[in-house]
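Student: One structure, pasted below without further comment.
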Amino acid sequence: MRGEIVKNLTTFGFILRLTKNPQPADRFPKRPCFDIPGPSRSPAPTHCSYVYINEDKPKWNETVKVRLPTIVPDDCLFLRMCYHVRRSVDKHKSEKGPFALSYLKILDSGEIIQDKEHEPYVYKIDQSRYETPNADYITLPSARTDIRDIFAVVKHSQGVFSLSDKCSMTVSTHLVSSRIPMSPNLRKILHHSKHSADLARQLVRFAPKIVESLFDIWDTHQNLEQQVFSVLVNLLSIHEQKQFVKCRARIVEVAERTWHTSAAFRILRCLTSLLTLGGRHFHAKRAMDAMKSLSWFATVISESNRKGIEAGVNCADACTTALETFMTRVTDLVSRTEPSFVDDKVSLATVQNTVIRHLPELITPLIMTPKESKRFSTLSNQSEESKDSDRTGHLIDQQCELLKECRGMYDANKLTEHLHDIIQNCSPFVADMHRISYVDAIIRTPLFMMESCREVLLTPFLTILLKLMELDDLTANDEKRTQVSTQCFKTLLMMIEKLFPTKEHGGFQTGTANELEMIVTTSLRTSVDDARSHAYTLVITLLHHTSATTFKKYIASHNEAKVEVILEMLLMVRDILNKSPFCVTWVLLNREMNRVVYQVLQYVQAIHKTLIDVTSFVELWREYMLSLIAFIIHASAKDNTPAHFESEELVKNAMFELRSTWFMLSPAQKMRHIPHMIRDFLLVAITTKSEHGEIIKILCDMMMTEYSLSDAQPRNFNQTSRELYLQLDSLIVQETKGNRSFRELLIHFMEQNLSQDPELWEVSGQKFVVEVDRVLNLLFDYRLAKEREDNEEQRMRCIVLLLQVYQDSDQAELSIRYVYTLFDLHISCGYYIEAANTLKIHAESMLSWSNTELPEYLVTANRNRNCATERQLKAVLLADIAELYEKGELYEEAIHNYNKIMPHYERIVVDYRAMARITNEVGKLYNKIEDGTRVHPFFYLVGFYGLGFGILNGKQYVYMSKATMRLGDFCTHLKKAYPLSALVDSSANTEKLKTSSGRHFQVMNLTAVPNQYPFEAENVSESIKMYYEYFHIQKFEYTKAFKNKESKWLPYATNDTAVETAQMFTSKIYVVPNEEMPGILNFSKARDLVISISDPIIISPLQMALTQMVEKNEALYNSAKKYRTSQDSASVQNLERQVLGICQAAVMGGVANYLIFFAPELEEGYDDNEKEMVEKLRALIIRQVVLVEYAVFHHKGADPKLHEHLVNSFRDHRAFVEKQFGAVEDSIIPSDATLDEERRESLTMSVLTLNEPDRACIDNLLRHPDTPEYYNL
C-alpha cells in the first residue's frame, strides 16, 4: 500500500485493523491477523506504521499480509486504516484520536475483494465530535470505482466524516489463499458477468459437477450456506443467457436426480433469507436471479424432500415449515409499498414484478414429482391431439386419476391459499401484465384442474382479468391499454378452452356447469372498446358455451335494464360480424362464428316474444333486423367447401325471419324505419347471391307504404326514392359493390312488385323504374371510368350524364355531389373556365337571394363555405366563379359575375368596403381586356372510331383546347388520354374504321362562327371583339379545299398562279353542338351526345374570290384606323405590309388572278347568279383601290422614302385596276389632299381638323356583295 497525506507533522502514524460489519471498534477481533515481512516479525491484531518526515505530503510504500478468518458468520469483513499525527514536542502527551480514516470491503455478502488496485477514499475526522468506538463510516462509499462516486460521497457525507480532496491512498490486493470463501474459481463465478465469454462456456460445460460439489460443501460446511447459494444463483443465471439456453437440460437433469437430503431445507431457508426485505442477506439483484431459476430450485426441493423421506430422514416437517415461511415472505414482499428502492440501483417494483412473474414455476414441482409431471404433460398433449372422442375421454380420466394420486411434497389446497393471498395483496407496483401472467401461468398448471382449487382461485382470477380488461387509467396510453386488454382476453379464452374444450378437442369438460354459468354471467360484455379481435373471440367463445337457459338468466338478472342489455347485445353482435376477428380464409372458424351468432339471434327473438311487449319497442325490432342483415351479409360469403350448404341454410332462415319481422310491423311502425333502413336492405340485395326477390319486395313495400300514407297531392314516395338514389350511388360507385346482373334483377322485381298497385304504377312507379334503370347503367359506366385512372375525359362524360339525370329527377344532394366532383376534376386539369361554369350550376340554379337556411347535406359535406344562408353562399360562390373566369382569361364573364354580387353588398349587407374592392377588381378586368394580350382558344372536331372505344365508337365531339395548345399538342394530348390509339388523316374515310378492333381518332380544325356584336360604336378594338368571336359559340364551320381539273375557268388561266385559283374549290360544313362552347366541359357532349353536322357546301373559285376581297377590304380599313389611333411601330408595319401586299402581290398575284373570271368567252356561259357575282367582284376590286388610297393618305412612316414607295406602288396599282376593271371615281380623302409627302406636310394641320369620312360611305365600301345596298354609294 502507498499513500500521500497532506499534514504538517513530524511523525505520521498509520494503523491497520480488521473489523466486522456493523460491529463497533471495541469488538474488533483481537487474534493476530497481520504479518509484516522480515525477521523476528510475528502476527499482530493491528499493524502500525510510522513515517518520519520534515516536509509536507509524506509518501510511503509498504507491503502487509492480512490473514482472513475461516468462519465469518456475517459474511462481511472490512479493513480500516486510521491516520494519526504526533510531533516531537508532544512525546510526553497522551495520543490523540485519528485525524483521517479510510476503509476497504475485504468480504462483502460472501464476495471476496478482487485482485487489483483500489483507491479508498480518505475521510477527514472532526475530532471534536468523534467518539471511540464509531463505525458510522461504513455507510459511506469505500473506494473510488467510478468518477460518479464523488457525487455519492458528497451526498452521503456526515458531520463527523468529510471527504478530503487532497489526500489519496492506494491499496493493491492479491489473493493467495485457497480456502472456500477466497477460491479464485468461485470468485470468478460470483463475478462471471465481468469476465470473458470463454469462462462462461467453461462454467456451463462443467456445471453439473460444480453443482454436485456445491451440494457436497453444504453437507460438510454448514457455515458456508449463503456463499454456496450465491454461487448456485450466479451459475444458474449463466444458463439464462440466450447462448446457453440449450445447455439448461443438463443442469435440470442434476436437479431431477439429486440425492442430497438437506438441499431442500437449505434452499428454502436461503430463498427465504434472500427475499426478507431489510434482512442482512437481502440482495435485490441476487434475489431476482434466484427467482428466475425458481423452477430449478423447486425441482431440487421436491427431489431432495422425496429422497429424504425414502432414506428415513425426518425432514418433511422442516421442509413444510420452511416452505410456509418462504410463501409468507413472498406475500410480505409483494405487498410492500415502502421503501421505493431496496438499494441504490434496484427499485422495489422491479423485485416484486420478478417474483410475481416466476412464482408459478414453483407449483407443479411442489404438487407432483418430476415423473408425475412428465406423465401428466404427455397425457395432456395426447388428449389435445386425439381425434377419437373415446380415446380423448380416456386420456382425460387418466389425468384426473393422476391428480388424485400425485405425491407432491406440499398440499395443493394450502398452496392454493398462499397463491390466492399473494394475488389479492399485490402492491400497486406490480405491473398489470405481470398480474395477468401470474394468473395465466397458474391456469396452465395441473393445480387449476382440481375443482377444490378452482373454488378458491376462479372468482378472484375472473375479477382481476375483468378489471384489467376494462382498464380506465388516465395515464395509460392506447398501446398499453390494448396490450393489457388483449392479454386478458387471451387468458380468459385459454381458461374457457381448458375447462370446457370444444368438440374438436374431445368435448370432455373439466369445469362444472356452475362454473360455466359464473364465467358467462361475469365475463360476457355487451360493449367492447375498439375492435379487438381477441375481445370478439372471447365473446364468441362465451356465447358458444351459452345455452338458452343461461342466456335467459343473464338477461333476467338485469331487472329493469333488460331492453338496454338486449340492445347492447345486438349492437355487439353486429360489431363482431362487421369486424370479424377471423381472416376471410379461415372458413371453418367463420362458419362456426356464424352458427353462434345465429343461435344468439334466435335467443333474442325468443326473449322478445316472452319478456317484452312487441308493440312497445319498435326500435328493438329495428336493431334485431339490422343484426339479421349483418348476419346475412357475413354468412353469404362463398367458401367453396362441401359443408357450404350449412351456411346457405342459415342465410335462407335468416332471410325468412327478416321478411317476417318486417311485414309483422304496422304501416305506422314501418314509417319509423323509412328511409333509414333502405341502405341496409339494399346492401343485402346487392351483396347476397340468392333470395334477392324477398329483399327487393321489402324495398317495394317501403315505397307502397309511404305512397299510401302520403298527404301530398298527388301522392308520392319521395323519401324512399331519394334515399334509394343516394344509397345506390354510394354502394355502386364509392363502395364498388354490385354488377350489371344486379341491375337486371332489381328492375325485374321492382316492376313485378310495384305494378301490383295500379295507381302507384301509373302515377309515378313506372317512370321511377325507368329512371332507376338509366341511373344504374350510368353508375356502372362511371365506376368503370373511375377504375381507369388515366382517362379523365371519360369520367367527365359519365359525371355530366349523371348530373343531368339527377337534376331532372330533382335529386339536389346527388346533383351537388357530382357538381363538385366535376369541379375538382376541372381544377386538377387546369380547365378554369369549365370549372367556373360547373360551379355556376350550384350558385345560380340551386341557390336563391333569400335568407333560407342551407340544407344539412351541404353543411355535413363541408360545402357551405362557413355560410348559414343561401344568400351568403351564393355571394361567396359568385366571387369564386369570377376568380376562376379571370384565371381562364374570360374577363367579360368575371365582370358579369361581379355585377351580380354588387346589389348584395350595396343594399342587403351594405358593405361599401366590399363594394370598393369589387369595383376595383372590375376596373382591373376592363384593363386586361383592353391590353389585348390574351390568346384566343382553338376548336377541333374529333371523331372516335374502332371497337376499342366502346360507346364512343362512331361519335364526334367538338373540343375547345387551351389557348396554348395548337393542333400538334392537342393530338398528343388525345393520345395520352386514350392510350393505344392512332391518329388518322383528316381526309381519310372512317366508315371502315368503325368495325375495326383498334382505336382510331380523327382531328379537324374548326372555325368559330362569331356572334353578332351588341355594340354600335365605330372604333371597337379587336381585343373586345374576341369575346364575341370565340366564346359562347353555337356554330362552327369546317372548310376543306380540293382541286377540280374540270373547272370552266381553267382554260383561261395564263400562269401557274391563275391555274391554282381556277381549279381550287372549297367544301364547307357547319357543325352545331348541343351546347354552346365553352360549357361545363371543354367538349360538347350533353344530353343525347349527338352534334348536328350539315351536308357539305361546295364553294366555287368565284365565290371564294368574293369572300377574300371582302375580308381583305375589312382588314385594310381596320389597320388604317388602328394606325390613326395608336401610331405604334406594330401598326405602321402592319399597314405597310397590307398596302404592299395588295399593290405589289408578287407571290399570290393579287387581283390579277381574278382576270380569269372576266374573260369575254365566259360571259355567255355564266348564269344570272354568276353574272351578278362577277359584277360584285369588279365592284369590290374598284372599291379596294379607294381603301388603299385612304390607307396611304393616313400613312406617316418614319422613312420618307418608304412612303414615296407606297405612293408609287398605289399609283401603279390604280392604273392597272382602271385598265382591267374600270375607272375609280370615288375617294374618301379630302378633296384638296394629295398623297405626296411634301404636300402632305403642308396639309397636316388641316387634315387633323377634318372629320372622319362619312361612315355610310365606308360601310358601303365594306358591305358584303350579297346585299343589294352594296352598290348604293
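Residue numbering restarts at 1 for every chain of the C-alpha cells, chains are lettered A, B, ... in their displayed order, and ligands are numbered from 1 as they appear.
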Extract, using only C-alpha atoms, all DNA, RNA and protein residues at most 12 Å from Asn1055 in chain A, discarding same-chain residues fewer than 2 positions from it, and format them as an NGL selection string.
Tutor: :A and (1050-1053 or 1057-1062 or 1148-1149 or 1152-1156)
Student: As a count of residues only, please: every residue in range 653-737 of chain A that DSSP puts in alpha helix (DSSP H).
Tutor: 57
Student: When you draw a straight line from CA of Leu724 in chain A to CA of Glu771 in chain A, how long is it in Å?
Tutor: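 Taking CA of Leu724 in chain A and CA of Glu771 in chain A, their separation equals 11.7 Å.
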Student: At a cut-off of 10 Å, using only C-alpha atoms, what residues contact range 886-898 of chain A? Leave out same-chain residues fewer than 5 positions from it and give the result as a compact mmCIF listing (two decimals) with all heavy atoms, in the first residue's frame.
Tutor:
# COMPACT_ATOMS: atom_id res chain seq x y z
N GLY A 830 -56.68 21.94 -64.97
CA GLY A 830 -56.40 23.31 -65.38
C GLY A 830 -57.45 23.93 -66.27
O GLY A 830 -57.19 24.93 -66.94
N TYR A 831 -58.67 23.37 -66.29
CA TYR A 831 -59.77 23.92 -67.09
C TYR A 831 -60.57 24.89 -66.22
O TYR A 831 -61.61 24.54 -65.66
CB TYR A 831 -60.67 22.80 -67.61
CG TYR A 831 -59.97 21.79 -68.49
CD1 TYR A 831 -60.32 20.45 -68.46
CD2 TYR A 831 -58.97 22.18 -69.37
CE1 TYR A 831 -59.68 19.52 -69.27
CE2 TYR A 831 -58.33 21.26 -70.18
CZ TYR A 831 -58.69 19.93 -70.12
OH TYR A 831 -58.06 19.02 -70.93
N TYR A 832 -60.10 26.14 -66.10
CA TYR A 832 -60.71 27.07 -65.16
C TYR A 832 -62.06 27.59 -65.66
O TYR A 832 -62.96 27.82 -64.86
CB TYR A 832 -59.75 28.23 -64.90
CG TYR A 832 -58.46 27.79 -64.26
CD1 TYR A 832 -57.26 27.86 -64.94
CD2 TYR A 832 -58.46 27.28 -62.96
CE1 TYR A 832 -56.08 27.43 -64.36
CE2 TYR A 832 -57.28 26.86 -62.36
CZ TYR A 832 -56.09 26.93 -63.08
OH TYR A 832 -54.95 26.50 -62.50
N ILE A 833 -62.20 27.80 -66.96
CA ILE A 833 -63.48 28.29 -67.47
C ILE A 833 -64.56 27.24 -67.26
O ILE A 833 -65.67 27.54 -66.81
CB ILE A 833 -63.34 28.65 -68.97
CG1 ILE A 833 -62.37 29.80 -69.14
CG2 ILE A 833 -64.71 28.98 -69.56
CD1 ILE A 833 -62.10 30.17 -70.59
N GLU A 834 -64.24 25.98 -67.58
CA GLU A 834 -65.21 24.90 -67.38
C GLU A 834 -65.52 24.70 -65.90
O GLU A 834 -66.66 24.40 -65.52
CB GLU A 834 -64.68 23.60 -67.98
CG GLU A 834 -64.61 23.59 -69.50
CD GLU A 834 -63.41 24.34 -70.04
OE1 GLU A 834 -62.57 24.79 -69.24
OE2 GLU A 834 -63.31 24.50 -71.28
N ALA A 835 -64.49 24.88 -65.03
CA ALA A 835 -64.73 24.77 -63.58
C ALA A 835 -65.69 25.86 -63.11
O ALA A 835 -66.59 25.60 -62.29
CB ALA A 835 -63.41 24.86 -62.83
N ALA A 836 -65.53 27.07 -63.64
CA ALA A 836 -66.43 28.16 -63.27
C ALA A 836 -67.85 27.88 -63.75
O ALA A 836 -68.83 28.10 -63.02
CB ALA A 836 -65.91 29.47 -63.85
N ASN A 837 -67.99 27.38 -64.98
CA ASN A 837 -69.32 27.06 -65.50
C ASN A 837 -69.99 25.96 -64.68
O ASN A 837 -71.20 25.96 -64.48
CB ASN A 837 -69.23 26.64 -66.96
CG ASN A 837 -68.85 27.79 -67.88
OD1 ASN A 837 -69.09 28.95 -67.54
ND2 ASN A 837 -68.25 27.49 -69.01
N LYS A 840 -71.16 27.32 -61.42
CA LYS A 840 -72.30 28.20 -61.64
C LYS A 840 -73.63 27.43 -61.53
O LYS A 840 -74.67 28.01 -61.19
CB LYS A 840 -72.20 28.87 -63.01
CG LYS A 840 -73.19 30.00 -63.23
CD LYS A 840 -73.13 30.53 -64.64
CE LYS A 840 -71.83 31.24 -64.90
NZ LYS A 840 -71.82 31.87 -66.24
N ALA A 875 -73.32 34.59 -52.76
CA ALA A 875 -72.35 35.67 -52.95
C ALA A 875 -70.93 35.15 -52.96
O ALA A 875 -70.10 35.57 -53.78
CB ALA A 875 -72.54 36.72 -51.86
N LEU A 877 -69.91 32.05 -53.72
CA LEU A 877 -69.68 31.24 -54.91
C LEU A 877 -69.51 32.11 -56.15
O LEU A 877 -68.65 31.82 -57.00
CB LEU A 877 -70.84 30.26 -55.11
CG LEU A 877 -70.95 29.11 -54.12
CD1 LEU A 877 -72.13 28.22 -54.45
CD2 LEU A 877 -69.67 28.28 -54.11
N LEU A 878 -70.30 33.16 -56.30
CA LEU A 878 -70.16 34.04 -57.46
C LEU A 878 -68.80 34.71 -57.48
O LEU A 878 -68.21 34.92 -58.55
CB LEU A 878 -71.29 35.08 -57.47
CG LEU A 878 -72.69 34.56 -57.82
CD1 LEU A 878 -73.72 35.66 -57.67
CD2 LEU A 878 -72.72 33.99 -59.23
N ALA A 879 -68.30 35.09 -56.32
CA ALA A 879 -66.95 35.67 -56.25
C ALA A 879 -65.90 34.64 -56.67
O ALA A 879 -64.95 34.96 -57.41
CB ALA A 879 -66.67 36.19 -54.85
N ASP A 880 -66.05 33.39 -56.21
CA ASP A 880 -65.11 32.35 -56.62
C ASP A 880 -65.19 32.08 -58.12
O ASP A 880 -64.17 31.84 -58.78
CB ASP A 880 -65.41 31.05 -55.85
CG ASP A 880 -65.09 31.18 -54.37
OD1 ASP A 880 -64.38 32.13 -54.02
OD2 ASP A 880 -65.53 30.32 -53.58
N ILE A 881 -66.41 32.12 -58.65
CA ILE A 881 -66.58 31.90 -60.09
C ILE A 881 -65.89 33.00 -60.87
O ILE A 881 -65.23 32.75 -61.90
CB ILE A 881 -68.09 31.83 -60.43
CG1 ILE A 881 -68.69 30.55 -59.83
CG2 ILE A 881 -68.31 31.87 -61.93
CD1 ILE A 881 -70.21 30.51 -59.88
N PRO A 903 -75.29 44.24 -55.93
CA PRO A 903 -76.52 44.59 -55.19
C PRO A 903 -76.58 43.95 -53.81
O PRO A 903 -77.17 44.53 -52.88
CB PRO A 903 -77.63 44.05 -56.10
CG PRO A 903 -77.03 44.01 -57.46
CD PRO A 903 -75.60 43.67 -57.26
N MET A 915 -67.83 46.73 -51.68
CA MET A 915 -68.18 47.33 -52.97
C MET A 915 -66.94 47.95 -53.64
O MET A 915 -66.73 47.79 -54.85
CB MET A 915 -69.24 48.41 -52.77
CG MET A 915 -70.63 47.86 -52.50
SD MET A 915 -71.39 47.19 -53.97
CE MET A 915 -71.52 48.68 -54.95
N ILE A 918 -64.71 45.18 -54.95
CA ILE A 918 -65.24 44.56 -56.17
C ILE A 918 -65.10 45.52 -57.35
O ILE A 918 -64.72 45.11 -58.46
CB ILE A 918 -66.71 44.16 -55.96
CG1 ILE A 918 -66.80 43.04 -54.91
CG2 ILE A 918 -67.35 43.70 -57.26
CD1 ILE A 918 -68.22 42.69 -54.51
N THR A 919 -65.42 46.80 -57.13
CA THR A 919 -65.29 47.79 -58.20
C THR A 919 -63.85 47.89 -58.69
O THR A 919 -63.59 48.00 -59.89
CB THR A 919 -65.77 49.16 -57.70
OG1 THR A 919 -67.11 49.04 -57.19
CG2 THR A 919 -65.77 50.18 -58.83
N GLU A 921 -61.67 45.45 -58.61
CA GLU A 921 -61.41 44.24 -59.39
C GLU A 921 -62.00 44.36 -60.79
O GLU A 921 -61.39 43.95 -61.79
CB GLU A 921 -61.99 43.02 -58.68
CG GLU A 921 -61.28 42.63 -57.41
CD GLU A 921 -59.86 42.17 -57.68
OE1 GLU A 921 -59.62 41.58 -58.76
OE2 GLU A 921 -58.99 42.43 -56.84
N VAL A 922 -63.20 44.93 -60.88
CA VAL A 922 -63.83 45.10 -62.19
C VAL A 922 -63.00 46.04 -63.06
O VAL A 922 -62.81 45.80 -64.27
CB VAL A 922 -65.27 45.64 -62.02
CG1 VAL A 922 -65.86 46.03 -63.37
CG2 VAL A 922 -66.15 44.59 -61.35
N GLY A 923 -62.48 47.09 -62.48
CA GLY A 923 -61.62 48.01 -63.23
C GLY A 923 -60.39 47.31 -63.78
O GLY A 923 -59.98 47.53 -64.93
N LYS A 924 -59.80 46.48 -62.99
CA LYS A 924 -58.62 45.74 -63.45
C LYS A 924 -58.98 44.81 -64.60
O LYS A 924 -58.19 44.64 -65.55
CB LYS A 924 -58.04 44.93 -62.29
CG LYS A 924 -57.42 45.77 -61.19
CD LYS A 924 -56.89 44.88 -60.07
CE LYS A 924 -56.28 45.71 -58.94
NZ LYS A 924 -55.81 44.82 -57.83
N LEU A 925 -60.16 44.21 -64.52
CA LEU A 925 -60.58 43.30 -65.58
C LEU A 925 -60.78 44.04 -66.90
O LEU A 925 -60.42 43.54 -67.98
CB LEU A 925 -61.85 42.56 -65.17
CG LEU A 925 -61.70 41.55 -64.01
CD1 LEU A 925 -63.07 41.06 -63.57
CD2 LEU A 925 -60.83 40.38 -64.43
N TYR A 926 -61.38 45.23 -66.84
CA TYR A 926 -61.55 46.01 -68.07
C TYR A 926 -60.20 46.36 -68.69
O TYR A 926 -60.03 46.34 -69.92
CB TYR A 926 -62.35 47.28 -67.78
CG TYR A 926 -63.84 47.07 -67.73
CD1 TYR A 926 -64.57 47.34 -66.58
CD2 TYR A 926 -64.53 46.60 -68.85
CE1 TYR A 926 -65.95 47.14 -66.54
CE2 TYR A 926 -65.90 46.39 -68.83
CZ TYR A 926 -66.61 46.66 -67.67
OH TYR A 926 -67.96 46.47 -67.65
N ASN A 927 -59.23 46.68 -67.86
CA ASN A 927 -57.89 46.99 -68.37
C ASN A 927 -57.27 45.77 -69.05
O ASN A 927 -56.59 45.88 -70.08
CB ASN A 927 -56.98 47.47 -67.24
CG ASN A 927 -57.35 48.86 -66.76
OD1 ASN A 927 -57.85 49.68 -67.55
ND2 ASN A 927 -57.12 49.15 -65.49
N LYS A 928 -57.49 44.60 -68.46
CA LYS A 928 -56.93 43.38 -69.05
C LYS A 928 -57.56 43.09 -70.42
O LYS A 928 -56.89 42.59 -71.33
CB LYS A 928 -57.17 42.19 -68.12
CG LYS A 928 -56.31 42.21 -66.87
CD LYS A 928 -56.55 40.97 -66.03
CE LYS A 928 -55.65 40.97 -64.79
NZ LYS A 928 -55.86 39.77 -63.94
N ILE A 929 -58.85 43.41 -70.57
CA ILE A 929 -59.49 43.22 -71.87
C ILE A 929 -58.85 44.14 -72.91
O ILE A 929 -58.54 43.72 -74.04
CB ILE A 929 -61.01 43.49 -71.77
CG1 ILE A 929 -61.67 42.44 -70.87
CG2 ILE A 929 -61.65 43.48 -73.16
CD1 ILE A 929 -63.14 42.71 -70.59
N THR A 933 -53.66 41.17 -74.68
CA THR A 933 -52.59 40.17 -74.54
C THR A 933 -53.09 38.74 -74.51
O THR A 933 -52.30 37.81 -74.63
CB THR A 933 -51.80 40.44 -73.23
OG1 THR A 933 -52.71 40.42 -72.13
CG2 THR A 933 -51.11 41.79 -73.30
N ARG A 934 -54.38 38.53 -74.31
CA ARG A 934 -54.88 37.15 -74.23
C ARG A 934 -54.96 36.54 -75.63
O ARG A 934 -55.16 37.24 -76.63
CB ARG A 934 -56.25 37.10 -73.55
CG ARG A 934 -57.35 37.89 -74.22
CD ARG A 934 -58.67 37.67 -73.52
NE ARG A 934 -59.70 38.60 -74.00
CZ ARG A 934 -60.96 38.57 -73.59
NH1 ARG A 934 -61.34 37.67 -72.70
NH2 ARG A 934 -61.83 39.44 -74.07
N VAL A 935 -54.83 35.23 -75.65
CA VAL A 935 -54.82 34.48 -76.90
C VAL A 935 -56.12 33.71 -77.01
O VAL A 935 -56.61 33.14 -76.03
CB VAL A 935 -53.62 33.51 -76.96
CG1 VAL A 935 -53.56 32.80 -78.29
CG2 VAL A 935 -52.33 34.27 -76.69
N HIS A 936 -56.68 33.69 -78.19
CA HIS A 936 -57.97 33.01 -78.36
C HIS A 936 -57.77 31.49 -78.37
O HIS A 936 -56.70 30.99 -78.73
CB HIS A 936 -58.64 33.46 -79.66
CG HIS A 936 -57.86 33.09 -80.90
ND1 HIS A 936 -57.87 31.81 -81.43
CD2 HIS A 936 -57.07 33.83 -81.71
CE1 HIS A 936 -57.11 31.77 -82.51
NE2 HIS A 936 -56.61 32.99 -82.70
N LYS A 962 -56.99 24.56 -74.95
CA LYS A 962 -56.41 25.71 -74.29
C LYS A 962 -55.77 26.63 -75.33
O LYS A 962 -55.42 26.20 -76.44
CB LYS A 962 -55.36 25.28 -73.26
CG LYS A 962 -55.94 24.45 -72.13
CD LYS A 962 -54.85 24.04 -71.16
CE LYS A 962 -55.41 23.21 -70.01
NZ LYS A 962 -54.37 22.76 -69.08
N ALA A 963 -55.58 27.89 -74.96
CA ALA A 963 -55.06 28.87 -75.91
C ALA A 963 -53.65 28.52 -76.37
O ALA A 963 -53.24 28.88 -77.47
CB ALA A 963 -55.08 30.27 -75.29
N ILE A 1024 -61.71 43.50 -77.74
CA ILE A 1024 -63.08 43.48 -77.22
C ILE A 1024 -63.94 42.54 -78.05
O ILE A 1024 -64.77 41.80 -77.52
CB ILE A 1024 -63.67 44.90 -77.22
CG1 ILE A 1024 -62.86 45.80 -76.26
CG2 ILE A 1024 -65.14 44.88 -76.82
CD1 ILE A 1024 -63.31 47.24 -76.27
N TYR A 1027 -64.20 38.35 -77.50
CA TYR A 1027 -65.17 37.65 -76.64
C TYR A 1027 -66.34 37.12 -77.47
O TYR A 1027 -66.84 36.01 -77.25
CB TYR A 1027 -65.65 38.60 -75.55
CG TYR A 1027 -66.81 38.08 -74.73
CD1 TYR A 1027 -66.62 37.03 -73.85
CD2 TYR A 1027 -68.07 38.65 -74.84
CE1 TYR A 1027 -67.68 36.54 -73.09
CE2 TYR A 1027 -69.13 38.18 -74.09
CZ TYR A 1027 -68.93 37.11 -73.22
OH TYR A 1027 -69.98 36.63 -72.47
N PHE A 1031 -66.18 32.94 -77.80
CA PHE A 1031 -66.85 32.43 -76.61
C PHE A 1031 -68.37 32.47 -76.82
O PHE A 1031 -68.88 33.30 -77.58
CB PHE A 1031 -66.47 33.25 -75.37
CG PHE A 1031 -65.00 33.19 -75.06
CD1 PHE A 1031 -64.15 34.23 -75.41
CD2 PHE A 1031 -64.45 32.07 -74.45
CE1 PHE A 1031 -62.80 34.17 -75.14
CE2 PHE A 1031 -63.09 32.00 -74.18
CZ PHE A 1031 -62.27 33.04 -74.52
Student: Please provide as a PDB file with C-alpha atoms, in the first residue's frame all residues within 9 Å of range 807-810 of chain A, with the sequence filter that same-chain residues fewer than 4 positions apart are discarded (counting only C-alpha atoms).
Tutor:
ATOM      1  CA  ARG A 722     -84.410   9.972 -52.673  1.00  0.00           C
ATOM      2  CA  GLU A 771     -85.121   6.402 -64.184  1.00  0.00           C
ATOM      3  CA  LEU A 802     -75.417  11.522 -64.117  1.00  0.00           C
ATOM      4  CA  LEU A 803     -75.717  15.183 -63.222  1.00  0.00           C
ATOM      5  CA  LEU A 814     -76.591  13.999 -55.547  1.00  0.00           C
ATOM      6  CA  SER A 815     -76.529  16.891 -58.001  1.00  0.00           C
TER       7      SER A 815
END
Student: How many Å lie between CA of Tyr782 in chain A and CA of Tyr957 in chain A, rounded to one decimal?
Tutor: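 According to the coordinates, CA of Tyr782 in chain A and CA of Tyr957 in chain A are separated by 19.1 Å.
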Student: Pick from A:Arg269, A:Arg797, A:His174, A:Arg129: nearest to Lys65 in chain A, with only C-alpha atoms counted?
Tutor: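 Under the stated criterion, the closest residue is A:His174.
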Student: Please report the interatomic distance between CA of Glu338 in chain A and CA of Gln352 in chain A in Å with one decimal.
Tutor: 11.7 Å
Student: Excluding same-chain residues fewer than 6 positions from Arg435 in chain A, what lies within 10 Å of it counting only C-alpha atoms, as number ranges by chain?
Tutor: A: 353, 356-357, 423, 426, 441, 461, 464-465, 468, 488
Student: For a quick check of understanding, using only C-alpha atoms, which of A:Arg574, A:Arg817, A:Arg788, A:His676 has the smallest distance to Ser730 in chain A?
Tutor: A:Arg817
Student: Neighbours of Gln1063 in chain A within 9 Å (only C-alpha atoms; same-chain residues fewer than 4 positions away dropped), as an mmCIF file with N, CA and C atoms, in the first residue's frame?
Tutor:
data_model
loop_
_atom_site.group_PDB
_atom_site.id
_atom_site.type_symbol
_atom_site.label_atom_id
_atom_site.label_comp_id
_atom_site.auth_asym_id
_atom_site.auth_seq_id
_atom_site.Cartn_x
_atom_site.Cartn_y
_atom_site.Cartn_z
ATOM 1 N N PHE A 1042 -60.182 21.557 -102.340
ATOM 2 C CA PHE A 1042 -59.860 20.456 -103.252
ATOM 3 C C PHE A 1042 -59.787 20.998 -104.674
ATOM 4 N N LYS A 1043 -59.061 20.324 -105.548
ATOM 5 C CA LYS A 1043 -58.850 20.758 -106.931
ATOM 6 C C LYS A 1043 -59.835 20.062 -107.861
ATOM 7 N N ASN A 1044 -60.379 20.884 -108.777
ATOM 8 C CA ASN A 1044 -61.306 20.356 -109.779
ATOM 9 C C ASN A 1044 -60.678 20.594 -111.157
ATOM 10 N N LYS A 1045 -60.178 19.546 -111.758
ATOM 11 C CA LYS A 1045 -59.479 19.657 -113.047
ATOM 12 C C LYS A 1045 -60.439 20.007 -114.176
ATOM 13 N N GLU A 1046 -61.735 19.897 -113.913
ATOM 14 C CA GLU A 1046 -62.723 20.208 -114.944
ATOM 15 C C GLU A 1046 -63.336 21.595 -114.767
ATOM 16 N N SER A 1047 -62.681 22.428 -114.028
ATOM 17 C CA SER A 1047 -63.185 23.780 -113.789
ATOM 18 C C SER A 1047 -63.299 24.532 -115.121
ATOM 19 N N LYS A 1048 -64.391 25.285 -115.299
ATOM 20 C CA LYS A 1048 -64.605 26.018 -116.550
ATOM 21 C C LYS A 1048 -63.710 27.236 -116.677
ATOM 22 N N TRP A 1049 -63.057 27.639 -115.584
ATOM 23 C CA TRP A 1049 -62.140 28.771 -115.629
ATOM 24 C C TRP A 1049 -60.704 28.362 -115.954
ATOM 25 N N LEU A 1050 -60.432 27.047 -115.902
ATOM 26 C CA LEU A 1050 -59.061 26.562 -116.076
ATOM 27 C C LEU A 1050 -58.486 26.892 -117.462
ATOM 28 N N ALA A 1058 -52.706 31.637 -111.644
ATOM 29 C CA ALA A 1058 -54.086 31.683 -112.126
ATOM 30 C C ALA A 1058 -54.671 30.281 -112.251
ATOM 31 N N VAL A 1059 -53.824 29.309 -112.660
ATOM 32 C CA VAL A 1059 -54.286 27.917 -112.736
ATOM 33 C C VAL A 1059 -54.716 27.425 -111.356
ATOM 34 N N SER A 1100 -67.314 27.684 -105.144
ATOM 35 C CA SER A 1100 -66.523 27.817 -106.378
ATOM 36 C C SER A 1100 -65.411 28.831 -106.194
ATOM 37 N N PRO A 1101 -64.422 28.843 -107.110
ATOM 38 C CA PRO A 1101 -63.356 29.856 -107.014
ATOM 39 C C PRO A 1101 -63.889 31.274 -107.081
#
Student: Fewer than 4 positions away in the same chain doesn't count, so skip those; otherwise give me all residues within 9 Å of Thr350 in chain A, counting only C-alpha atoms, as a list in words.
Tutor: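 That gives Ala284, Met288, Val346, Thr354, Val355, Phe429 and Val430 of chain A.
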